[in-house]
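Raw contents of run05.tsv, TSV, C-alpha atoms:
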```tsv
chain	number	residue	atom	x	y	z
A	1	MET	CA	-161.78	103.94	191.51
A	2	SER	CA	-163.86	102.56	194.41
A	3	LYS	CA	-167.43	101.30	194.00
A	4	LEU	CA	-168.62	104.15	196.22
A	5	SER	CA	-166.96	106.69	193.95
A	6	ILE	CA	-168.52	105.14	190.85
A	7	LYS	CA	-171.96	105.22	192.47
A	8	THR	CA	-171.46	108.84	193.50
A	9	LEU	CA	-170.35	109.76	189.98
A	10	PHE	CA	-173.36	107.97	188.49
A	11	LYS	CA	-175.75	109.89	190.75
A	12	ALA	CA	-174.05	113.13	189.85
A	13	LEU	CA	-174.48	112.40	186.14
A	14	ILE	CA	-178.18	111.67	186.64
A	15	LEU	CA	-178.64	114.92	188.56
A	16	PHE	CA	-176.77	116.85	185.87
A	17	ALA	CA	-178.90	115.29	183.12
A	18	SER	CA	-182.10	116.09	185.03
A	19	PHE	CA	-180.96	119.67	185.55
A	20	SER	CA	-180.10	120.04	181.86
A	21	ILE	CA	-183.51	118.75	180.76
A	22	SER	CA	-185.28	121.01	183.26
A	23	THR	CA	-183.24	124.01	182.16
A	24	GLN	CA	-184.00	123.27	178.51
A	25	ILE	CA	-187.74	123.22	179.21
A	26	TYR	CA	-187.90	126.28	181.44
A	27	ALA	CA	-185.38	128.54	179.68
A	28	GLU	CA	-187.53	128.79	176.58
A	29	HIS	CA	-189.14	132.09	175.69
A	30	LEU	CA	-192.93	131.97	175.47
A	31	VAL	CA	-194.88	134.21	173.11
A	32	PHE	CA	-198.66	134.35	172.67
A	33	PHE	CA	-200.77	135.66	169.78
A	34	GLY	CA	-204.54	135.73	169.68
A	35	ASP	CA	-207.70	137.42	170.91
A	36	SER	CA	-209.61	137.94	174.15
A	37	LEU	CA	-209.24	134.31	175.24
A	38	THR	CA	-205.47	134.93	175.45
A	39	ASP	CA	-205.02	138.69	176.11
A	40	THR	CA	-203.44	139.50	179.49
A	41	GLY	CA	-203.46	143.29	179.38
A	42	ASN	CA	-203.15	144.77	175.89
A	43	TYR	CA	-206.84	145.62	175.56
A	44	PRO	CA	-207.37	148.13	178.38
A	45	GLU	CA	-209.79	147.85	181.25
A	46	PRO	CA	-211.96	150.91	181.90
A	47	GLU	CA	-209.87	153.17	184.11
A	48	ASN	CA	-212.90	153.74	186.33
A	49	LEU	CA	-216.27	152.09	185.84
A	50	ARG	CA	-219.53	152.70	187.65
A	51	ASN	CA	-222.22	150.05	187.89
A	52	PRO	CA	-220.63	147.28	185.75
A	53	GLN	CA	-222.84	145.50	183.22
A	54	LEU	CA	-222.44	142.23	181.34
A	55	LYS	CA	-221.65	144.31	178.24
A	56	ASN	CA	-218.49	145.57	179.99
A	57	PHE	CA	-216.64	142.51	178.74
A	58	ASN	CA	-213.29	144.15	179.63
A	59	LEU	CA	-214.16	144.73	183.29
A	60	TYR	CA	-211.19	142.48	184.03
A	61	VAL	CA	-208.35	141.85	181.59
A	62	PRO	CA	-207.44	138.95	181.45
A	63	ILE	CA	-211.10	138.41	180.62
A	64	THR	CA	-212.15	135.93	183.25
A	65	ASN	CA	-213.22	136.04	186.87
A	66	PRO	CA	-211.08	137.48	189.68
A	67	VAL	CA	-209.58	134.66	191.73
A	68	PRO	CA	-209.63	134.73	195.56
A	69	MET	CA	-206.37	135.75	197.22
A	70	GLN	CA	-206.09	132.56	199.28
A	71	TYR	CA	-205.55	130.55	196.09
A	72	TYR	CA	-202.41	132.40	194.98
A	73	GLY	CA	-199.25	130.33	194.99
A	74	LYS	CA	-201.06	127.09	195.89
A	75	ASN	CA	-202.25	124.03	193.98
A	76	GLY	CA	-201.16	125.26	190.57
A	77	TYR	CA	-202.26	128.88	190.94
A	78	PRO	CA	-199.70	131.62	190.13
A	79	SER	CA	-198.10	133.42	193.05
A	80	LEU	CA	-199.03	136.94	194.07
A	81	SER	CA	-195.58	138.12	192.97
A	82	PHE	CA	-196.04	136.59	189.50
A	83	LEU	CA	-199.47	138.24	189.13
A	84	GLN	CA	-198.26	141.64	190.28
A	85	LYS	CA	-195.43	141.55	187.71
A	86	SER	CA	-197.65	140.26	184.92
A	87	ILE	CA	-200.61	142.60	185.63
A	88	PRO	CA	-199.04	145.74	187.12
A	89	HIS	CA	-202.12	147.96	186.66
A	90	GLN	CA	-205.87	147.48	186.97
A	91	GLY	CA	-208.77	149.89	186.53
A	92	LEU	CA	-211.15	150.93	189.30
A	93	ILE	CA	-214.74	149.89	189.97
A	94	ASP	CA	-216.85	152.67	191.48
A	95	GLY	CA	-213.64	154.50	192.39
A	96	GLU	CA	-212.22	151.56	194.33
A	97	PRO	CA	-209.10	149.54	193.42
A	98	LYS	CA	-209.52	145.89	192.57
A	99	ALA	CA	-208.27	143.62	195.33
A	100	LEU	CA	-207.97	140.50	193.17
A	101	PHE	CA	-206.46	139.38	189.87
A	102	SER	CA	-208.21	137.53	187.06
A	103	ILE	CA	-206.15	134.62	185.70
A	104	ASN	CA	-206.45	133.10	182.22
A	105	TRP	CA	-204.70	130.15	180.57
A	106	PRO	CA	-201.49	131.91	179.39
A	107	LEU	CA	-200.82	133.12	182.94
A	108	TYR	CA	-201.40	129.63	184.36
A	109	LEU	CA	-199.17	128.12	181.66
A	110	ALA	CA	-196.33	130.62	182.12
A	111	SER	CA	-196.45	130.10	185.88
A	112	ASP	CA	-196.45	126.31	185.44
A	113	LEU	CA	-193.37	126.63	183.22
A	114	LYS	CA	-191.58	128.51	186.02
A	115	LYS	CA	-191.56	131.92	184.34
A	116	ASN	CA	-191.16	134.92	186.64
A	117	GLU	CA	-193.80	136.87	184.71
A	118	LEU	CA	-195.74	137.05	181.46
A	119	VAL	CA	-195.45	140.55	180.02
A	120	SER	CA	-198.17	142.01	177.80
A	121	TRP	CA	-197.17	143.87	174.63
A	122	TYR	CA	-198.40	147.12	176.19
A	123	GLN	CA	-196.28	146.64	179.29
A	124	TYR	CA	-193.27	145.63	177.18
A	125	VAL	CA	-193.24	148.65	174.86
A	126	SER	CA	-194.25	151.12	177.59
A	127	ASN	CA	-191.66	150.11	180.17
A	128	GLY	CA	-188.76	148.83	178.08
A	129	THR	CA	-188.76	145.48	179.90
A	130	GLY	CA	-185.68	143.26	179.46
A	131	LYS	CA	-185.16	140.62	176.82
A	132	SER	CA	-185.31	137.43	178.84
A	133	ILE	CA	-189.04	137.57	179.43
A	134	SER	CA	-192.07	135.89	177.89
A	135	LEU	CA	-194.44	138.08	175.92
A	136	ASN	CA	-198.15	138.27	175.11
A	137	TYR	CA	-199.13	140.07	171.90
A	138	ALA	CA	-202.77	138.92	171.95
A	139	TRP	CA	-205.52	141.57	171.85
A	140	ALA	CA	-209.17	141.16	172.73
A	141	SER	CA	-211.38	141.52	169.61
A	142	ALA	CA	-208.50	140.57	167.30
A	143	ILE	CA	-209.20	138.69	164.08
A	144	ALA	CA	-207.03	136.15	162.26
A	145	ASN	CA	-208.03	137.14	158.74
A	146	GLY	CA	-206.34	139.60	156.43
A	147	ASN	CA	-203.01	141.24	155.82
A	148	ALA	CA	-201.25	143.01	158.69
A	149	GLY	CA	-203.33	145.93	159.92
A	150	CYS	CA	-205.45	147.51	162.63
A	151	PHE	CA	-209.17	146.98	163.02
A	152	HIS	CA	-212.17	148.09	165.05
A	153	ASP	CA	-213.83	145.82	167.59
A	154	ASP	CA	-216.35	144.71	164.98
A	155	GLY	CA	-213.60	143.54	162.61
A	156	SER	CA	-213.87	146.50	160.20
A	157	LEU	CA	-210.64	148.10	159.03
A	158	PHE	CA	-209.35	151.02	161.11
A	159	ALA	CA	-208.45	153.73	158.61
A	160	GLY	CA	-205.14	155.55	158.88
A	161	GLU	CA	-201.86	154.73	160.53
A	162	CYS	CA	-201.37	151.34	162.15
A	163	SER	CA	-198.18	151.19	164.20
A	164	GLU	CA	-196.86	150.81	167.72
A	165	TYR	CA	-197.24	154.57	168.11
A	166	SER	CA	-200.87	154.72	166.92
A	167	LEU	CA	-201.86	151.65	168.96
A	168	LEU	CA	-200.47	153.22	172.11
A	169	GLY	CA	-202.03	156.60	171.34
A	170	ASN	CA	-205.51	155.24	170.71
A	171	ARG	CA	-205.30	153.00	173.74
A	172	GLU	CA	-204.47	156.05	175.85
A	173	LYS	CA	-207.51	157.90	174.45
A	174	TYR	CA	-209.79	155.17	175.73
A	175	VAL	CA	-208.09	155.13	179.12
A	176	LYS	CA	-208.48	158.91	179.45
A	177	HIS	CA	-212.14	158.81	178.41
A	178	THR	CA	-212.95	156.16	181.01
A	179	GLU	CA	-210.87	157.93	183.65
A	180	ASN	CA	-212.81	161.17	183.19
A	181	ASN	CA	-216.25	159.57	182.77
A	182	ASP	CA	-217.09	156.48	184.81
A	183	SER	CA	-220.08	155.80	182.54
A	184	PHE	CA	-218.21	156.35	179.28
A	185	ASP	CA	-218.74	152.85	177.90
A	186	LYS	CA	-222.48	152.97	178.55
A	187	SER	CA	-222.76	156.47	177.06
A	188	THR	CA	-221.21	155.21	173.80
A	189	ASP	CA	-223.39	152.08	173.80
A	190	TYR	CA	-220.27	149.99	174.44
A	191	GLU	CA	-218.76	150.94	171.09
A	192	TYR	CA	-215.01	151.15	171.62
A	193	GLU	CA	-214.30	153.41	168.66
A	194	ASP	CA	-211.02	154.78	170.06
A	195	LEU	CA	-209.25	151.45	170.12
A	196	GLN	CA	-207.15	150.01	167.34
A	197	ILE	CA	-206.95	146.22	167.38
A	198	PRO	CA	-203.98	144.56	165.62
A	199	ASN	CA	-204.95	141.40	163.77
A	200	LEU	CA	-202.83	138.25	163.91
A	201	ALA	CA	-200.50	139.30	161.10
A	202	GLU	CA	-199.97	142.74	162.70
A	203	GLN	CA	-199.28	141.19	166.12
A	204	ILE	CA	-196.55	139.11	164.51
A	205	GLU	CA	-195.19	142.14	162.62
A	206	LEU	CA	-194.90	144.04	165.91
A	207	TYR	CA	-193.18	141.08	167.56
A	208	TYR	CA	-190.45	141.02	164.92
A	209	GLN	CA	-190.05	144.79	164.98
A	210	GLU	CA	-189.67	144.95	168.76
A	211	THR	CA	-187.57	141.89	169.58
A	212	ASP	CA	-184.23	140.60	168.32
A	213	SER	CA	-183.07	137.21	167.06
A	214	SER	CA	-181.29	136.27	170.27
A	215	GLN	CA	-184.49	136.84	172.22
A	216	ARG	CA	-186.50	134.73	169.77
A	217	SER	CA	-184.00	131.90	169.29
A	218	ASN	CA	-185.58	129.51	171.78
A	219	ALA	CA	-189.25	130.42	171.41
A	220	LYS	CA	-192.42	128.49	172.05
A	221	VAL	CA	-195.21	130.22	170.12
A	222	PHE	CA	-198.91	129.85	170.94
A	223	ILE	CA	-201.69	130.96	168.58
A	224	PHE	CA	-205.34	130.86	169.73
A	225	ILE	CA	-207.60	132.89	167.46
A	226	GLY	CA	-210.55	132.73	165.06
A	227	GLY	CA	-213.64	133.22	167.22
A	228	ASN	CA	-214.10	136.86	166.24
A	229	ASP	CA	-213.72	136.00	162.56
A	230	ILE	CA	-216.58	133.53	162.89
A	231	SER	CA	-218.80	135.87	164.91
A	232	ASN	CA	-218.23	138.89	162.64
A	233	PHE	CA	-218.77	136.83	159.49
A	234	LEU	CA	-222.04	135.28	160.62
A	235	LYS	CA	-223.39	138.63	161.83
A	236	SER	CA	-222.73	140.06	158.37
A	237	LYS	CA	-224.54	137.13	156.75
A	238	LEU	CA	-227.45	136.87	159.19
A	239	ILE	CA	-230.23	137.20	156.59
A	240	ARG	CA	-228.64	134.61	154.29
A	241	MET	CA	-228.05	132.31	157.24
A	242	VAL	CA	-231.75	132.42	158.13
A	243	ILE	CA	-233.31	132.12	154.67
A	244	GLU	CA	-230.90	129.81	152.84
A	245	PRO	CA	-231.06	126.03	153.21
A	246	SER	CA	-228.35	124.86	155.57
A	247	SER	CA	-226.65	122.82	152.84
A	248	PHE	CA	-226.13	125.98	150.74
A	249	PHE	CA	-225.05	128.20	153.59
A	250	ASP	CA	-222.66	125.56	154.94
A	251	THR	CA	-220.72	125.86	151.68
A	252	THR	CA	-220.40	129.60	152.26
A	253	ILE	CA	-219.15	128.93	155.79
A	254	GLU	CA	-216.56	126.44	154.57
A	255	SER	CA	-215.22	128.91	152.01
A	256	LYS	CA	-214.81	131.64	154.62
A	257	MET	CA	-213.22	129.34	157.19
A	258	ASN	CA	-210.68	128.18	154.62
A	259	LYS	CA	-209.71	131.81	154.01
A	260	VAL	CA	-209.30	132.44	157.75
A	261	ALA	CA	-207.18	129.30	158.12
A	262	ASP	CA	-205.07	130.45	155.16
A	263	SER	CA	-204.39	133.71	157.03
A	264	VAL	CA	-203.18	131.70	160.02
A	265	LEU	CA	-200.99	129.66	157.67
A	266	ARG	CA	-199.40	132.82	156.24
A	267	ALA	CA	-198.74	134.13	159.75
A	268	VAL	CA	-197.15	130.86	160.81
A	269	THR	CA	-195.07	130.76	157.63
A	270	LYS	CA	-193.59	134.14	158.53
A	271	ILE	CA	-192.60	132.82	161.95
A	272	ARG	CA	-191.06	129.68	160.42
A	273	ILE	CA	-189.00	131.76	157.99
A	274	GLN	CA	-187.86	134.33	160.55
A	275	THR	CA	-187.34	131.88	163.42
A	276	PRO	CA	-186.87	128.34	162.06
A	277	SER	CA	-186.14	126.93	165.51
A	278	ALA	CA	-189.45	128.11	167.00
A	279	LYS	CA	-191.88	125.49	168.23
A	280	ILE	CA	-195.40	126.58	167.24
A	281	TYR	CA	-198.62	125.45	168.89
A	282	ILE	CA	-201.99	126.27	167.32
A	283	LEU	CA	-205.10	125.85	169.44
A	284	THR	CA	-208.48	124.86	168.01
A	285	LEU	CA	-211.76	126.52	168.99
A	286	PRO	CA	-214.54	125.03	171.15
A	287	LYS	CA	-218.26	125.18	170.38
A	288	PHE	CA	-219.97	128.50	171.03
A	289	SER	CA	-223.10	126.73	172.21
A	290	ASN	CA	-221.54	125.86	175.57
A	291	LEU	CA	-221.02	129.53	176.44
A	292	TYR	CA	-223.52	131.97	177.90
A	293	ALA	CA	-223.89	133.80	174.57
A	294	GLY	CA	-224.50	130.56	172.69
A	295	HIS	CA	-227.25	129.60	175.10
A	296	SER	CA	-228.78	133.07	174.66
A	297	TYR	CA	-228.86	132.67	170.87
A	298	GLN	CA	-230.64	129.36	171.28
A	299	SER	CA	-233.58	131.12	172.91
A	300	ILE	CA	-234.24	133.48	169.96
A	301	PRO	CA	-237.64	132.50	168.52
A	302	LEU	CA	-237.66	130.65	165.20
A	303	ILE	CA	-234.03	131.29	164.21
A	304	GLY	CA	-232.06	130.61	167.42
A	305	GLY	CA	-231.42	126.97	166.66
A	306	LYS	CA	-230.13	127.76	163.18
A	307	ILE	CA	-227.80	130.47	164.50
A	308	VAL	CA	-226.24	128.10	167.00
A	309	SER	CA	-226.00	125.34	164.41
A	310	SER	CA	-224.19	127.69	162.00
A	311	LEU	CA	-221.84	128.87	164.74
A	312	ASN	CA	-220.89	125.33	165.65
A	313	TYR	CA	-220.52	124.31	162.00
A	314	ALA	CA	-218.21	127.27	161.42
A	315	VAL	CA	-216.07	126.22	164.40
A	316	SER	CA	-215.86	122.65	163.13
A	317	SER	CA	-214.97	123.82	159.60
A	318	TYR	CA	-212.29	126.19	160.90
A	319	ASN	CA	-210.75	123.53	163.15
A	320	ASN	CA	-210.65	121.03	160.29
A	321	ALA	CA	-209.06	123.63	158.03
A	322	LEU	CA	-206.33	124.30	160.61
A	323	LYS	CA	-205.61	120.60	161.04
A	324	SER	CA	-205.39	120.00	157.29
A	325	ARG	CA	-202.93	122.86	156.80
A	326	PHE	CA	-200.56	122.10	159.64
A	327	SER	CA	-200.61	118.32	159.85
A	328	GLY	CA	-197.13	116.82	159.62
A	329	LEU	CA	-195.21	120.11	159.49
A	330	LYS	CA	-191.97	120.22	161.46
A	331	ASN	CA	-192.06	122.04	164.82
A	332	ILE	CA	-195.80	122.72	164.50
A	333	GLN	CA	-198.51	121.05	166.51
A	334	VAL	CA	-202.24	121.63	166.49
A	335	ILE	CA	-203.57	121.26	170.04
A	336	ASP	CA	-207.20	120.17	169.99
A	337	SER	CA	-208.21	122.53	172.77
A	338	GLY	CA	-211.66	122.80	171.21
A	339	GLU	CA	-212.41	119.14	171.79
A	340	TYR	CA	-210.93	119.36	175.29
A	341	LEU	CA	-213.14	122.31	176.26
A	342	ASP	CA	-216.23	120.72	174.71
A	343	ASN	CA	-215.60	117.65	176.87
A	344	VAL	CA	-215.05	119.80	179.96
A	345	ALA	CA	-218.43	121.48	179.42
A	346	ARG	CA	-220.10	118.07	179.69
A	347	THR	CA	-218.46	117.09	182.98
A	348	PRO	CA	-220.56	117.07	186.19
A	349	LEU	CA	-218.58	120.06	187.48
A	350	TYR	CA	-219.79	122.40	184.70
A	351	LYS	CA	-222.75	120.66	183.06
A	352	SER	CA	-225.44	122.33	185.16
A	353	SER	CA	-224.32	125.89	184.46
A	354	VAL	CA	-223.91	125.12	180.74
A	355	GLU	CA	-227.39	123.63	180.42
A	356	LYS	CA	-228.98	126.55	182.25
A	357	GLY	CA	-226.98	129.17	180.35
A	358	SER	CA	-225.55	130.81	183.45
A	359	ALA	CA	-222.61	133.21	183.67
A	360	CYS	CA	-220.49	133.82	186.75
A	361	PHE	CA	-220.53	137.57	186.02
A	362	ASN	CA	-224.25	137.56	186.90
A	363	ASP	CA	-223.89	135.49	190.05
A	364	PRO	CA	-226.68	136.49	192.50
A	365	SER	CA	-224.13	137.19	195.25
A	366	GLY	CA	-222.94	140.32	193.42
A	367	ASP	CA	-219.42	139.58	194.65
A	368	TYR	CA	-217.88	139.93	191.20
A	369	MET	CA	-219.11	143.51	190.82
A	370	ASN	CA	-217.52	144.60	194.11
A	371	PRO	CA	-213.76	145.16	193.74
A	372	LEU	CA	-213.12	144.80	197.48
A	373	HIS	CA	-214.97	141.53	198.05
A	374	SER	CA	-213.50	138.07	197.86
A	375	ASN	CA	-215.57	135.39	196.11
A	376	ASN	CA	-215.94	131.65	195.71
A	377	ASN	CA	-214.03	131.41	192.39
A	378	CYS	CA	-217.20	130.94	190.35
A	379	VAL	CA	-218.64	128.03	192.29
A	380	TYR	CA	-222.15	127.49	190.91
A	381	GLY	CA	-225.14	127.27	193.22
A	382	PRO	CA	-225.27	126.44	196.92
A	383	GLN	CA	-223.16	123.27	196.59
A	384	SER	CA	-219.40	123.39	196.10
A	385	ASN	CA	-219.36	120.50	193.59
A	386	HIS	CA	-220.51	122.64	190.63
A	387	SER	CA	-218.84	125.58	188.90
A	388	TYR	CA	-219.66	128.13	186.23
A	389	PHE	CA	-218.27	127.31	182.79
A	390	SER	CA	-218.79	130.88	181.49
A	391	TRP	CA	-217.41	134.01	183.11
A	392	ASN	CA	-219.39	136.36	180.85
A	393	ASN	CA	-220.89	136.24	177.37
A	394	ALA	CA	-218.08	134.49	175.53
A	395	HIS	CA	-215.24	133.82	177.98
A	396	TYR	CA	-214.49	131.01	180.37
A	397	SER	CA	-214.24	131.03	184.13
A	398	SER	CA	-210.75	130.94	185.58
A	399	SER	CA	-211.04	127.31	186.66
A	400	VAL	CA	-211.76	126.35	183.02
A	401	ASN	CA	-208.72	128.39	181.97
A	402	LYS	CA	-206.64	126.54	184.54
A	403	GLY	CA	-207.71	123.20	183.11
A	404	LEU	CA	-206.91	124.39	179.58
A	405	ALA	CA	-203.43	125.45	180.67
A	406	ASN	CA	-202.83	122.01	182.18
A	407	TYR	CA	-203.97	120.40	178.94
A	408	VAL	CA	-201.61	122.58	176.88
A	409	LEU	CA	-198.79	121.96	179.37
A	410	LYS	CA	-198.95	118.22	178.79
A	411	THR	CA	-198.44	118.80	175.07
A	412	VAL	CA	-195.62	121.27	175.56
A	413	THR	CA	-193.60	119.14	177.97
A	414	HIS	CA	-194.02	115.72	176.33
```

Would you mind writing the structure in this file as structure tokens?
Amino acid sequence: MSKLSIKTLFKALILFASFSISTQIYAEHLVFFGDSLTDTGNYPEPENLRNPQLKNFNLYVPITNPVPMQYYGKNGYPSLSFLQKSIPHQGLIDGEPKALFSINWPLYLASDLKKNELVSWYQYVSNGTGKSISLNYAWASAIANGNAGCFHDDGSLFAGECSEYSLLGNREKYVKHTENNDSFDKSTDYEYEDLQIPNLAEQIELYYQETDSSQRSNAKVFIFIGGNDISNFLKSKLIRMVIEPSSFFDTTIESKMNKVADSVLRAVTKIRIQTPSAKIYILTLPKFSNLYAGHSYQSIPLIGGKIVSSLNYAVSSYNNALKSRFSGLKNIQVIDSGEYLDNVARTPLYKSSVEKGSACFNDPSGDYMNPLHSNNNCVYGPQSNHSYFSWNNAHYSSSVNKGLANYVLKTVTH
């Protein structure tokens, strides 16, 4: 064999090896479980909403800011085709269709991993989408704690049937209410009583009921949940939180966070038993104090500082509980997304908006309330070298989501 032929063969082998590695990375099925930080369309938007308010946290689902059209398909942003497949329906604002898509970290991640789309649970069960797709079972307002079941937005148990059928039926009730009354949410004081919210265990139950083993055989599983458990728990213990010495109440927090982490452990154990080959990634939570809501709590006279301190201590306790339970387990990795996001909040790009407690939703331009307007992608203030960290009360701007996806991507591909 000539030297030229050997060189050609060597190059061909390198190309084949590169292709095989690339195929192995990109052929894997992605599946997401969690709450509003991860939901891409299971929790419905209002079908038509007049005069949006900050309390309309589901104005856009994914729950982050709409991204200008000129970004799509460039510099790490998903393409228009990907977004149209992943978010096939959006509600109206003042009777007008939304011109733009909001993009959160699962959409950025799926796009970065060369997926054609990321299909929400609702889209999957409604349209009978094929098997070779990546799925998102996360629901806004979902909790991690408890046995499989359906809950209200405030974390209380939803009495009665909890199934694919009941979830779809109650979701449709909300859609019809908001279609027929463009002030429905305001008229009910933003209490979404119609909706059933599957907790983490129920999301996983649905996943195994609705998919088959061949579909799940090469899965990467992402779990990002726990914020609602913390918020609901501390609201229920507000008086104790205020009057008890911090050292006493911290013990109560630790006990509760251990129980929530145990629920995550049980959910992960089910996945490991049912799909031993799955690679599971569990994301930690960031501090609440960097978000708009956290800054608002800080300003409450006399007790604001203690509320924020308890919130942050609960986050720290929960993250430590997750790490202790999953450290060293095969095919499981805890991604310290909480630390990453806390560091991002301190960068010059976001620091100003965090310190002032500003939310992009309330930007003085009003662009984000107008479905037909483009916007500046949550640039903060007159200069282009600052951005909003918060989109609304408790959710991040899309640029923060993009950074989180990049951080997760590095873990997934290395």

Inset, instruction - May I have the residues within 7 Å of stretch 159-162 of chain A as a PyMOL selection string, using only C-alpha atoms and disregarding those fewer than 3 positions away in the same chain? - result: chain A and resi 149-150+166-167

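Counting all atoms listed in the file and comparing A:Thr64, A:Asn401, A:Asn228, A:Asn406, the residue that lies closest to A:Ile143 is A:Asn228.
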
Inset, instruction - Mind checking which residues fall within 12 Å of A:Gln333, counting only C-alpha atoms, ignoring those fewer than 5 positions away in the same chain, and posting them as a PyMOL selection string? - result: chain A and resi 220-223+268+278-284+322-328+408+411-412

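Each of A:Ser296, A:Ala99, A:Asn58, A:Leu135 was checked against A:Asp367 using all atoms listed in the file; the smallest atom-to-atom distance is that of A:Ala99.
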
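With distances restricted to all atoms listed in the file, A:Glu164 is the closest residue to A:Gln209 from A:Glu164, A:Leu107, A:Val31, A:Asn375.
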
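Across the structure, atom CA of A:Trp391 and atom CA of A:Pro52 are spaced 13.9 Å apart.
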
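Minimum atom-to-atom distance to A:Glu244, evaluated using only C-alpha atoms, belongs to A:Lys306 out of A:Asn290, A:Gly357, A:Leu311, A:Lys306.
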
Inset, instruction - Compare A:Asp39, A:Ser213, A:Thr347, A:Pro78 by their minimum atom-to-atom distance to A:Ser277, counting only C-alpha atoms, and give me the closest one. - result: A:Ser213

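For the set A:Val119, A:Gln274, A:Asp194, A:Pro97, the residue with the smallest atom-to-atom gap to A:Ser217 is A:Gln274, counting all atoms listed in the file.
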
Legend entry - Distance query stretch 88-91 of chain A at most 12 Å, only C-alpha atoms, self and fewer than 5 positions along chain excluded, as number ranges by chain: A: 40-50, 58-62, 66, 80-83, 96-102, 117-120, 122-124, 126-127, 175-176, 178-179, 182, 371

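Straight-line separation from atom CA of A:Glu254 to atom CA of A:Ser317: 5.9 Å.
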